[in-house]
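Next comes protein_5.cif, with mmCIF, C-alpha atoms.
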data_coords
#
loop_
_atom_site.label_atom_id
_atom_site.label_comp_id
_atom_site.auth_asym_id
_atom_site.auth_seq_id
_atom_site.Cartn_x
_atom_site.Cartn_y
_atom_site.Cartn_z
CA MET O 280 0.00 0.00 0.00
CA PRO O 281 1.24 3.53 -0.71
CA ASN O 282 1.45 4.60 2.93
CA ALA O 283 4.11 1.96 3.64
CA SER O 284 6.97 3.91 2.05
CA ARG O 285 5.85 7.52 1.81
CA VAL O 286 8.41 10.27 1.43
CA ASN O 287 5.97 12.82 2.87
CA PRO O 288 8.49 15.70 3.01
CA ARG O 289 7.62 18.41 5.50
CA LYS O 290 7.93 22.13 4.90
CA GLY O 291 11.44 23.40 5.47
CA GLU O 292 13.08 20.00 5.19
CA GLU O 293 13.29 19.70 1.40
CA SER O 294 16.11 21.09 -0.69
CA ARG O 295 15.50 22.62 -4.10
CA LEU O 296 17.07 19.61 -5.79
CA ALA O 297 14.91 17.23 -3.77
CA LEU O 298 11.80 19.22 -4.73
CA VAL O 299 12.67 19.04 -8.43
CA ARG O 300 13.27 15.30 -8.20
CA ARG O 301 10.04 14.71 -6.28
CA ALA O 302 8.01 16.85 -8.70
CA ARG O 303 9.39 14.89 -11.65
CA ARG O 304 8.63 11.55 -9.97
CA MET O 305 5.07 12.78 -9.51
CA LEU O 306 5.04 13.88 -13.16
CA ARG O 307 5.98 10.34 -14.25
CA CYS O 308 3.34 8.85 -11.99
CA LEU O 309 0.68 11.18 -13.40
CA ALA O 310 1.69 10.13 -16.92
CA GLU O 311 1.18 6.49 -15.96
CA ALA O 312 -2.11 7.26 -14.22
CA TYR O 313 -3.63 9.38 -17.01
CA PRO O 314 -2.04 8.47 -20.35
CA GLY O 315 -5.15 9.63 -22.18
CA ALA O 316 -5.56 12.97 -20.41
CA HIS O 317 -6.77 15.69 -22.75
CA CYS O 318 -8.69 18.94 -22.98
CA GLU O 319 -12.26 18.00 -22.07
CA LEU O 320 -13.78 20.80 -24.14
CA ASP O 321 -14.94 19.71 -27.61
CA PHE O 322 -13.53 21.72 -30.52
CA THR O 323 -12.20 21.36 -34.07
CA THR O 324 -10.58 24.78 -34.67
CA PRO O 325 -8.64 27.34 -32.59
CA LEU O 326 -11.66 29.67 -32.72
CA GLU O 327 -13.97 26.97 -31.39
CA LEU O 328 -11.59 26.21 -28.54
CA LEU O 329 -11.19 29.88 -27.69
CA VAL O 330 -14.97 30.32 -27.58
CA ALA O 331 -15.41 27.16 -25.50
CA VAL O 332 -12.85 28.28 -22.93
CA VAL O 333 -14.53 31.68 -22.60
CA LEU O 334 -17.84 29.89 -22.01
CA SER O 335 -16.31 27.53 -19.44
CA ALA O 336 -15.92 30.24 -16.80
CA GLN O 337 -18.04 29.42 -13.75
CA THR O 338 -19.49 26.26 -15.27
CA THR O 339 -18.46 22.73 -16.22
CA ASP O 340 -16.88 21.46 -19.41
CA VAL O 341 -19.80 19.06 -19.73
CA ARG O 342 -22.28 21.95 -19.78
CA VAL O 343 -20.20 23.84 -22.35
CA ASN O 344 -20.05 20.76 -24.58
CA GLU O 345 -23.84 20.55 -24.47
CA VAL O 346 -24.12 24.11 -25.77
CA THR O 347 -21.36 24.37 -28.34
CA PRO O 348 -22.63 22.08 -31.14
CA ALA O 349 -25.53 24.44 -31.92
CA LEU O 350 -23.36 27.50 -31.28
CA PHE O 351 -20.56 26.37 -33.57
CA ALA O 352 -23.03 25.45 -36.30
CA ARG O 353 -24.51 28.95 -36.17
CA TYR O 354 -21.28 30.96 -35.75
CA ARG O 355 -18.42 29.62 -37.85
CA THR O 356 -16.10 32.62 -38.10
CA ALA O 357 -14.90 35.53 -36.00
CA ALA O 358 -17.01 37.82 -38.20
CA ASP O 359 -20.09 35.79 -37.31
CA TYR O 360 -19.53 36.51 -33.61
CA ALA O 361 -18.73 40.16 -34.29
CA GLY O 362 -22.02 40.59 -36.14
CA ALA O 363 -24.14 38.32 -33.95
CA ASP O 364 -27.68 39.13 -32.94
CA ARG O 365 -27.23 39.60 -29.19
CA THR O 366 -30.55 38.09 -28.20
CA GLU O 367 -29.97 34.98 -30.29
CA LEU O 368 -26.40 34.56 -29.02
CA GLU O 369 -27.44 35.00 -25.40
CA GLU O 370 -30.16 32.40 -25.76
CA LEU O 371 -27.75 29.85 -27.23
CA ILE O 372 -25.23 30.25 -24.41
CA ARG O 373 -27.70 30.85 -21.55
CA PRO O 374 -27.19 27.37 -19.97
CA THR O 375 -23.52 28.19 -19.27
CA GLY O 376 -24.47 31.01 -16.90
CA PHE O 377 -23.43 34.69 -16.93
CA TYR O 378 -24.65 34.64 -20.51
CA ARG O 379 -24.91 38.41 -20.94
CA ALA O 380 -21.28 38.99 -19.95
CA LYS O 381 -20.16 36.02 -22.04
CA ALA O 382 -22.09 37.30 -25.05
CA ASN O 383 -20.29 40.64 -24.65
CA SER O 384 -16.95 38.82 -24.55
CA LEU O 385 -17.70 36.70 -27.61
CA MET O 386 -18.92 39.63 -29.68
CA GLY O 387 -15.94 41.74 -28.62
CA LEU O 388 -13.63 38.81 -29.27
CA GLY O 389 -14.98 38.37 -32.77
CA ALA O 390 -14.62 42.08 -33.52
CA ALA O 391 -11.05 42.19 -32.20
CA LEU O 392 -10.04 39.14 -34.25
CA VAL O 393 -11.50 40.66 -37.41
CA GLU O 394 -10.01 44.11 -36.84
CA ARG O 395 -6.53 43.11 -35.67
CA PHE O 396 -5.84 39.54 -36.78
CA ASP O 397 -7.71 39.14 -40.08
CA GLY O 398 -10.31 36.98 -38.34
CA GLU O 399 -7.77 34.36 -37.25
CA VAL O 400 -6.90 33.32 -33.70
CA PRO O 401 -3.27 34.35 -33.07
CA GLY O 402 -0.79 31.74 -31.90
CA ARG O 403 1.17 33.95 -29.49
CA LEU O 404 0.48 34.51 -25.80
CA ALA O 405 1.23 38.22 -26.07
CA ASP O 406 -1.48 38.61 -28.72
CA LEU O 407 -4.07 36.32 -27.16
CA VAL O 408 -4.13 38.11 -23.81
CA THR O 409 -5.05 41.40 -25.55
CA LEU O 410 -8.38 39.92 -26.65
CA PRO O 411 -11.60 40.59 -24.69
CA GLY O 412 -12.28 37.92 -22.08
CA VAL O 413 -8.90 36.22 -22.59
CA GLY O 414 -6.40 35.91 -19.74
CA ARG O 415 -3.27 33.80 -19.38
CA LYS O 416 -5.21 30.69 -18.38
CA THR O 417 -7.41 30.85 -21.49
CA ALA O 418 -4.44 31.72 -23.69
CA ASN O 419 -2.41 28.76 -22.42
CA VAL O 420 -5.28 26.36 -23.04
CA VAL O 421 -5.57 27.60 -26.63
CA LEU O 422 -1.81 27.58 -27.24
CA GLY O 423 -1.29 24.12 -25.80
CA ASN O 424 -4.24 22.41 -27.43
CA ALA O 425 -4.78 24.26 -30.72
CA PHE O 426 -1.20 25.28 -31.57
CA ASP O 427 0.96 22.70 -29.73
CA VAL O 428 2.76 25.50 -27.89
CA PRO O 429 3.55 24.28 -24.35
CA GLY O 430 1.67 26.10 -21.62
CA ILE O 431 0.67 25.63 -17.99
CA THR O 432 -3.03 26.14 -17.31
CA VAL O 433 -3.57 27.26 -13.73
CA ASP O 434 -7.24 26.64 -13.01
CA THR O 435 -8.76 26.01 -9.57
CA HIS O 436 -7.81 22.31 -9.57
CA PHE O 437 -4.25 22.94 -10.71
CA GLY O 438 -3.48 25.64 -8.16
CA ARG O 439 -5.02 23.66 -5.32
CA LEU O 440 -3.09 20.48 -6.12
CA VAL O 441 0.36 21.96 -6.67
CA ARG O 442 0.07 23.82 -3.36
CA ARG O 443 -1.14 20.65 -1.65
CA TRP O 444 1.86 18.82 -3.11
CA GLY O 445 4.25 21.50 -1.85
CA TRP O 446 5.43 22.43 -5.32
CA THR O 447 4.75 26.09 -4.50
CA THR O 448 3.08 28.22 -1.85
CA GLU O 449 2.08 30.93 -4.33
CA GLU O 450 -1.60 31.84 -4.67
CA ASP O 451 -1.42 34.15 -7.68
CA PRO O 452 -2.01 32.06 -10.86
CA VAL O 453 0.81 33.73 -12.80
CA LYS O 454 3.28 33.10 -9.97
CA VAL O 455 2.05 29.50 -9.72
CA GLU O 456 2.58 29.09 -13.47
CA HIS O 457 6.15 30.35 -13.26
CA ALA O 458 7.01 28.36 -10.12
CA VAL O 459 5.80 25.08 -11.61
CA GLY O 460 7.44 25.88 -14.94
CA GLU O 461 10.79 25.97 -13.15
CA LEU O 462 10.27 22.41 -11.85
CA ILE O 463 8.94 20.68 -14.96
CA PRO O 464 10.47 20.55 -18.48
CA ARG O 465 8.72 22.91 -20.90
CA LYS O 466 7.77 20.13 -23.32
CA GLU O 467 5.64 18.56 -20.55
CA TRP O 468 3.68 21.66 -19.56
CA THR O 469 0.49 21.10 -21.57
CA MET O 470 0.09 17.44 -20.63
CA LEU O 471 1.00 18.20 -17.02
CA SER O 472 -1.89 20.66 -16.94
CA HIS O 473 -4.34 18.07 -18.23
CA ARG O 474 -3.10 15.36 -15.89
CA VAL O 475 -3.17 17.53 -12.78
CA ILE O 476 -6.71 18.64 -13.62
CA PHE O 477 -7.76 15.01 -14.21
CA HIS O 478 -6.24 14.03 -10.86
CA GLY O 479 -8.06 16.85 -9.08
CA ARG O 480 -11.38 15.71 -10.52
CA ARG O 481 -10.86 12.00 -9.88
CA ILE O 482 -8.81 11.56 -6.70
CA CYS O 483 -7.47 14.72 -5.07
CA HIS O 484 -10.84 16.30 -4.25
CA ALA O 485 -10.95 19.67 -2.50
CA ARG O 486 -12.77 18.61 0.65
CA LYS O 487 -12.03 14.91 0.95
CA PRO O 488 -9.16 13.60 -1.17
CA ALA O 489 -8.82 9.84 -1.63
CA CYS O 490 -5.37 9.69 0.00
CA GLY O 491 -5.38 5.95 0.68
CA ALA O 492 -6.12 5.19 -2.97
CA CYS O 493 -3.77 7.74 -4.54
CA PRO O 494 -0.79 6.59 -6.62
CA LEU O 495 1.03 9.81 -5.68
CA ALA O 496 0.70 9.23 -1.93
CA ARG O 497 4.31 8.35 -1.23
CA ASP O 498 5.49 11.70 -2.60
CA CYS O 499 2.68 13.86 -1.20
CA PRO O 500 3.38 16.01 1.88
CA SER O 501 -0.38 16.39 2.41
CA TYR O 502 -1.02 12.64 2.69
CA GLY O 503 -3.64 12.18 5.40
CA THR O 504 -5.78 15.18 4.44
CA GLY O 505 -8.35 12.60 3.39
CA PRO O 506 -8.95 8.98 4.51
CA THR O 507 -5.83 6.83 4.35
CA GLY O 508 -7.52 3.43 4.50
CA PHE O 509 -7.63 1.90 1.02
CA GLU O 510 -11.23 0.65 1.14
CA GLU O 511 -12.64 3.94 2.37
CA ALA O 512 -10.53 6.02 0.01
CA ALA O 513 -11.32 3.81 -3.00
CA LYS O 514 -14.99 4.76 -2.68
CA LEU O 515 -14.03 8.38 -3.38
CA VAL O 516 -12.19 7.70 -6.65
CA LYS O 517 -14.16 8.83 -9.71
CA GLY O 518 -13.95 8.72 -13.48
CA PRO O 519 -13.45 6.16 -16.24
CA GLU O 520 -9.87 5.52 -15.10
CA ARG O 521 -10.99 4.30 -11.66
CA ASP O 522 -10.06 0.62 -12.09
CA HIS O 523 -6.67 1.52 -13.57
CA LEU O 524 -5.93 3.99 -10.77
CA LEU O 525 -6.85 1.51 -8.02
CA ALA O 526 -4.75 -1.19 -9.69
CA MET O 527 -1.75 1.15 -9.66
CA VAL O 528 -2.10 1.55 -5.90
CA THR O 529 -2.61 -2.12 -5.04
CA ALA O 530 0.36 -3.11 -7.21
CA ARG O 531 2.78 -0.94 -5.22
#
Go ahead and express the file in the form of structure tokens.
Amino acid sequence: MPNASRVNPRKGEESRLALVRRARRMLRCLAEAYPGAHCELDFTTPLELLVAVVLSAQTTDVRVNEVTPALFARYRTAADYAGADRTELEELIRPTGFYRAKANSLMGLGAALVERFDGEVPGRLADLVTLPGVGRKTANVVLGNAFDVPGITVDTHFGRLVRRWGWTTEEDPVKVEHAVGELIPRKEWTMLSHRVIFHGRRICHARKPACGACPLARDCPSYGTGPTGFEEAAKLVKGPERDHLLAMVTAR
């Protein structure tokens, strides 16, 4: 069981080199745990992904994916969003919540893309973050998944987990992004983001993490935040990878 040989480093006792080595062990374990991790928003073009990420604020990817087929069929280009009928657009995206503000963002986004980028989504962070409704998190999702440009996406799950793991104590998303980027090779950034988010949704829950059924337990300084008994913890593990994740733990 994972609690038999935990490293469980405590604050102040870990050198920089030890932290880097531990973070990279955890990276390898996450790769084994979630080999199929991916962006859970459905899209076929950079514009579709950009729109989907804007819509994902304060709602779930599942809800966004329910809305976007009709939206993408109706609005195919940046010019379509720029010239959208506000009432129609708001009605299409209403289920995602905050639909008036999101409609403003999408219409402004479309106009900015037409006016400044010939209607195309730019492939540079510096350009993306100038667009309405687009911050670093959104830009990194688009770069990593639509342009294959490595990026770290610091959403709620990501920030919570890397602090829980002792990778950083920073709270500001940009500082978290930079701190983690110094630990993990750049080529791994996009997949790391997906895998950490998957882990947060499946095992490392905010209120009651499944510590006793976590393949990362031996390297986690927060082991014991949730139940450490395997049977109890296993009941908390979610997602289609559940059997694979539990098998990883019992095999150790």
Axis-aligned box for all listed atoms of range 478-490 of chain O, 3 Å per side, centre and edges in Å to one decimal, as JSON:
{"center_x": -9.1, "center_y": 14.7, "center_z": -5.0, "size_x": 13.4, "size_y": 16.0, "size_z": 17.8}
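The coordinates place CA of Thr323 in chain O at 23.6 Å from CA of Asp364 in chain O.
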Please evaluate the PyMOL selection byres ((chain O and resi 464) around 12) against the structure above and give the resulting residues as a short mmCIF file (atom, residue, chain, number, x, y, z; two decimals) with C-alpha atoms, in the coordinates of the input.
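Resulting contents of result.cif:
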data_model
loop_
_atom_site.label_atom_id
_atom_site.label_comp_id
_atom_site.auth_asym_id
_atom_site.auth_seq_id
_atom_site.Cartn_x
_atom_site.Cartn_y
_atom_site.Cartn_z
CA VAL O 299 12.67 19.04 -8.43
CA ARG O 300 13.27 15.30 -8.20
CA ALA O 302 8.01 16.85 -8.70
CA ARG O 303 9.39 14.89 -11.65
CA LEU O 306 5.04 13.88 -13.16
CA ARG O 307 5.98 10.34 -14.25
CA PRO O 429 3.55 24.28 -24.35
CA GLY O 430 1.67 26.10 -21.62
CA ILE O 431 0.67 25.63 -17.99
CA HIS O 457 6.15 30.35 -13.26
CA ALA O 458 7.01 28.36 -10.12
CA VAL O 459 5.80 25.08 -11.61
CA GLY O 460 7.44 25.88 -14.94
CA GLU O 461 10.79 25.97 -13.15
CA LEU O 462 10.27 22.41 -11.85
CA ILE O 463 8.94 20.68 -14.96
CA ARG O 465 8.72 22.91 -20.90
CA LYS O 466 7.77 20.13 -23.32
CA GLU O 467 5.64 18.56 -20.55
CA TRP O 468 3.68 21.66 -19.56
CA THR O 469 0.49 21.10 -21.57
CA MET O 470 0.09 17.44 -20.63
CA LEU O 471 1.00 18.20 -17.02
#
Written as a ChimeraX atom specification, what is the full residue list that the PyMOL selection byres ((chain O and resi 483) around 12) yields on the file shown? /O:436-437,439-444,474-482,484-496,499,501-506,512-513,515-517
With a distance cut-off of 10 Å and all atoms listed in the file, select the neighbouring residues of Arg342 in chain O, excluding the residue or stretch itself and same-chain residues fewer than 6 positions from it, and output the selection as a PDB file with C-alpha atoms, in the coordinates of the input.
ATOM      1  CA  LEU O 320     -13.780  20.800 -24.140  1.00  0.00           C
ATOM      2  CA  LEU O 334     -17.840  29.890 -22.010  1.00  0.00           C
ATOM      3  CA  SER O 335     -16.310  27.530 -19.440  1.00  0.00           C
ATOM      4  CA  ILE O 372     -25.230  30.250 -24.410  1.00  0.00           C
ATOM      5  CA  PRO O 374     -27.190  27.370 -19.970  1.00  0.00           C
ATOM      6  CA  THR O 375     -23.520  28.190 -19.270  1.00  0.00           C
ATOM      7  CA  GLY O 376     -24.470  31.010 -16.900  1.00  0.00           C
TER       8      GLY O 376
END
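Of the residues under consideration (O:Asp427, O:Glu311, O:Asp406, O:Glu510), O:Asp406 shows the shortest atom-to-atom contact distance to Leu392 in chain O when counting only C-alpha atoms.
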Might you spell out which residues the PyMOL selection byres ((chain O and resi 343-353) around 10) would select in the displayed file, as an mmCIF file with C-alpha atoms, in the coordinates of the input?
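Listing of out_30.cif after writing:
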data_model
loop_
_atom_site.group_PDB
_atom_site.id
_atom_site.type_symbol
_atom_site.label_atom_id
_atom_site.label_comp_id
_atom_site.auth_asym_id
_atom_site.auth_seq_id
_atom_site.Cartn_x
_atom_site.Cartn_y
_atom_site.Cartn_z
ATOM 1 C CA GLU O 319 -12.260 18.000 -22.070
ATOM 2 C CA LEU O 320 -13.780 20.800 -24.140
ATOM 3 C CA ASP O 321 -14.940 19.710 -27.610
ATOM 4 C CA PHE O 322 -13.530 21.720 -30.520
ATOM 5 C CA THR O 323 -12.200 21.360 -34.070
ATOM 6 C CA LEU O 326 -11.660 29.670 -32.720
ATOM 7 C CA GLU O 327 -13.970 26.970 -31.390
ATOM 8 C CA LEU O 328 -11.590 26.210 -28.540
ATOM 9 C CA VAL O 330 -14.970 30.320 -27.580
ATOM 10 C CA ALA O 331 -15.410 27.160 -25.500
ATOM 11 C CA VAL O 332 -12.850 28.280 -22.930
ATOM 12 C CA VAL O 333 -14.530 31.680 -22.600
ATOM 13 C CA LEU O 334 -17.840 29.890 -22.010
ATOM 14 C CA SER O 335 -16.310 27.530 -19.440
ATOM 15 C CA ALA O 336 -15.920 30.240 -16.800
ATOM 16 C CA THR O 338 -19.490 26.260 -15.270
ATOM 17 C CA THR O 339 -18.460 22.730 -16.220
ATOM 18 C CA ASP O 340 -16.880 21.460 -19.410
ATOM 19 C CA VAL O 341 -19.800 19.060 -19.730
ATOM 20 C CA ARG O 342 -22.280 21.950 -19.780
ATOM 21 C CA TYR O 354 -21.280 30.960 -35.750
ATOM 22 C CA ARG O 355 -18.420 29.620 -37.850
ATOM 23 C CA THR O 356 -16.100 32.620 -38.100
ATOM 24 C CA ASP O 359 -20.090 35.790 -37.310
ATOM 25 C CA TYR O 360 -19.530 36.510 -33.610
ATOM 26 C CA ALA O 363 -24.140 38.320 -33.950
ATOM 27 C CA LEU O 368 -26.400 34.560 -29.020
ATOM 28 C CA LEU O 371 -27.750 29.850 -27.230
ATOM 29 C CA ILE O 372 -25.230 30.250 -24.410
ATOM 30 C CA ARG O 373 -27.700 30.850 -21.550
ATOM 31 C CA PRO O 374 -27.190 27.370 -19.970
ATOM 32 C CA THR O 375 -23.520 28.190 -19.270
ATOM 33 C CA GLY O 376 -24.470 31.010 -16.900
#
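Shortest separation to Leu298 in chain O among O:Trp446, O:Phe396, O:Phe509, O:Phe426 occurs at residue O:Trp446, atoms counted being all atoms listed in the file.
The closest residue to Thr409 in chain O, picked from O:Leu388, O:Leu422, O:Val428, O:Val393 and counting only C-alpha atoms, is O:Leu388.
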Contacts of Ala358 in chain O at 8 Å or less, counting all atoms listed in the file, minus same-chain residues fewer than 3 places along, as a compact mmCIF listing (two decimals) with C-alpha atoms, keeping the file's coordinate frame?
# COMPACT_ATOMS: atom_id res chain seq x y z
CA ALA O 361 -18.73 40.16 -34.29
CA GLY O 362 -22.02 40.59 -36.14
CA GLY O 389 -14.98 38.37 -32.77
CA ALA O 390 -14.62 42.08 -33.52
CA VAL O 393 -11.50 40.66 -37.41
CA GLY O 398 -10.31 36.98 -38.34
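One finds CA of Gly438 in chain O at 19.6 Å from CA of Arg295 in chain O.
If you look at CA of Gly518 in chain O and CA of Thr432 in chain O, they are 20.9 Å away from each other.
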I need the residue nearest Gly387 in chain O from this list: O:Gly412, O:Pro519, O:Leu309, O:Glu370. Use only C-alpha atoms for the distance. O:Gly412
Ranking O:Arg415, O:Arg365, O:His473, O:Gln337 by minimum distance to Lys454 in chain O and counting all atoms listed in the file, which one comes first? O:Arg415
